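Chemist: One structure, as structure tokens, below. Some questions next.
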Amino acid sequence: MKQFNLTPVMGKRLIAKGMAQHPDVQRVLQKGTLLIVAGTTNGYVAEEILTALGQAEGFSRVGFRRGVTVAQGAKLPKAELAGDVVIVDGQWQPGKTVFDVAESLKAGDVVLKGGNAFDPYGQAAVQIGHPQGGTIMAIVPAVIGRRVQLIVPIGLEKRIFDDIHSLAQRVNNPATDGPRLMPLPGEIFTELDAIQLLTGAEAILIAGGGIFGAEGSAWIGVSGTEEQVAAAAELIKSVAGEPPCEV
């Protein structure tokens with residue numbers, strides 16, 4: 001086993017590289033609709049996928065977000081959301097949003113939606129600030145009602161200890177202040193999944209945290225054949241220079 005430290009922004013890029021090669025993403029890019037819902041991690045995902053398609057011109061991660069979390073006292077730069085990323089049969093449809101296409105999604109289509117928490121049981125959730133539930137309420141009918149596939153690209157810094165549904169019951173209680181919590185009916189995809197998909201190596205979480213830019217980072221252990229571990233080392237090295245996410 002070889003150990004590596006991943007900062008959250010390295011993780012975003014790593015997840016994006018993995019999502020671009022995910023078998024279900026590759027499949028739906030051939031035929032069907034891929035919906036990438038705006039979010040900071042999904043900005044990296046959209047960037048990698050559109051670049052692979054040769055259609056990245058005109059896309060910017062700046063403003064590709066809705067609700068975000070920033071440090072106390074920090075001021076978020078103003079930016080306009082140009083739309084979510086909708087790709088139909090491998091062709092990007094600029095300017096469209098989740099609300100434009102949600103009702104037309106069907107079985108075989110894929111939605112990528114970020115989350116704010118995931119538990120040890122592989123369950124994810126998103127925080128809700130909008131009084132009508134936000135974008136997830138447009139997606140759930142397609143996922144539950146028409147078997148559209150939902151994948152949740154989510155970084156290791158968002159891991160929690162308790163069961164998502166138990167937390168949602170407490171957080172959504174009328175006596176609780178702050179954002180609500182909505183469990184997501186989809187599969188999670190973390191940095192560990194990206195490493196395994198792209199290199200064949202097994203990656204496990206060992207420790208976390210740090211200072212001087214390593215706040216929220218994850219120590220991971222990578223094991224496998226000599227070739228797999230070497231490939232993972234090169235992959236991690238390729239994202240090591242990723243600048244801070246300030247979009």
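Residues are referred to by chain and number: the chain letter is A, B, ... according to the order shown in the structure tokens, the number counts from 1 in that chain, and ligands are numbered separately from 1 in the order shown.
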Write out as a list of chain:residue names the residues lying within 6 Å of stretch 107-110 of chain A, counting only C-alpha atoms and excluding same-chain residues fewer than 6 positions away.

Modeler: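 After dropping sequence-adjacent residues, the list is A:Gly32, A:Thr33, A:Leu34, A:Arg146, A:Arg147, A:Val148, A:Gln149, A:Leu150.
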
Chemist: May I have the residues from that selection written out with N, CA and C atoms, as a compact mmCIF listing (two decimals), in the first residue's frame?

Modeler:
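That gives us part-v6.txt:
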# COMPACT_ATOMS: atom_id res chain seq x y z
N GLY A 32 -28.99 9.23 -25.54
CA GLY A 32 -29.74 9.58 -24.34
C GLY A 32 -29.37 10.96 -23.85
N THR A 33 -29.91 11.30 -22.68
CA THR A 33 -29.67 12.62 -22.10
C THR A 33 -28.85 12.51 -20.83
N LEU A 34 -27.78 13.29 -20.76
CA LEU A 34 -26.98 13.43 -19.56
C LEU A 34 -27.23 14.83 -19.02
N ARG A 146 -39.67 7.33 -13.22
CA ARG A 146 -39.35 6.84 -14.57
C ARG A 146 -38.00 6.13 -14.64
N ARG A 147 -37.43 5.83 -13.49
CA ARG A 147 -36.17 5.07 -13.40
C ARG A 147 -35.00 5.73 -14.12
N VAL A 148 -34.95 7.05 -14.08
CA VAL A 148 -33.76 7.76 -14.53
C VAL A 148 -32.66 7.52 -13.50
N GLN A 149 -31.44 7.33 -13.97
CA GLN A 149 -30.33 7.01 -13.07
C GLN A 149 -29.74 8.27 -12.47
N LEU A 150 -29.57 8.28 -11.15
CA LEU A 150 -28.97 9.40 -10.44
C LEU A 150 -27.62 8.98 -9.87

Chemist: What is the distance, in Å and to one decimal place, between atom CA of A:Gly155 and atom CA of A:Glu202?

Modeler: 16.8 Å

Chemist: Counting only C-alpha atoms, what is within 10 Å of A:Arg61, bar same-chain residues fewer than 2 positions away, as a list in words?

Modeler: Ala38, Gly39, Thr40, Thr41, Asn42, Gly43, Tyr44, Val45, Ala46, Glu47, Phe59, Gly63, Phe64, Arg65, Leu81, Ala82, Cys245, Glu246 and Val247 of chain A

Chemist: What lies within 9 Å of A:Ile195 using only C-alpha atoms, ignoring chain neighbours under 4 positions off, as a ChimeraX atom specification?

Modeler: /A:14-15,18,190-191,199-203,222,232,235-236

Chemist: Hey, what's within 12 Å of A:Leu156 if we count only C-alpha atoms and toss same-chain stuff fewer than 5 positions away? As a ChimeraX atom specification, please?

Modeler: /A:5-12,14-15,41,115-120,122,124,188-194,203-209,216-220

Chemist: Please report, as a ChimeraX atom specification, each residue of stretch 36-191 of chain A to which DSSP assigns strand (DSSP E or B) when run on this structure's backbone.

Modeler: /A:36,85-88,91-92,110-112,117-118,124-128,149-153,159,180-184,187-189

Chemist: Here is a test: counting only C-alpha atoms, which residue of A:Asp100, A:Pro131, A:Tyr121, A:Ala233 is nearest to A:Gly178?

Modeler: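 The shortest atom-to-atom distance to A:Gly178 comes from A:Pro131.
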
Chemist: For atom CA of A:Leu35 and atom CA of A:Lys75, quote the distance in Å rounded to one decimal.

Modeler: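 Separation between atom CA of A:Leu35 and atom CA of A:Lys75: 29.1 Å.
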
Chemist: Have a look at A:Gln21, A:Gln123, A:Gln196, A:Thr69 and name the one nearest to A:Val229; count only C-alpha atoms.

Modeler: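 With only C-alpha atoms as the atom set, the closest residue is A:Gln196.
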
Chemist: So, counting only C-alpha atoms, which residue among A:Val152, A:Lys96, A:Gly73, A:Gly90 is closest to A:Met19?

Modeler: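 Of all the options, A:Val152 lies closest to A:Met19.
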
Chemist: Can you list, as a list in words, every residue of stretch 21-73 of chain A that DSSP puts in alpha helix (DSSP H)?

Modeler: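 Selection result, alpha helix (DSSP H) within stretch 21-73 of chain A: Pro23, Asp24, Val25, Gln26, Arg27, Val28, Leu29, Gln30, Thr40, Thr41, Asn42, Gly43, Tyr44, Val45, Ala46, Glu47, Glu48, Ile49, Leu50, Thr51, Ala52 and Leu53 of chain A.
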
Chemist: Can you work out the spacing between atom CA of A:Lys17 and atom CA of A:Leu198 in Å, to one decimal?

Modeler: 8.2 Å

Chemist: Which one of A:Ile160, A:Ala71, A:Ala102, A:Met1 sits closest to A:Val143 if you count only C-alpha atoms?

Modeler: A:Ala102
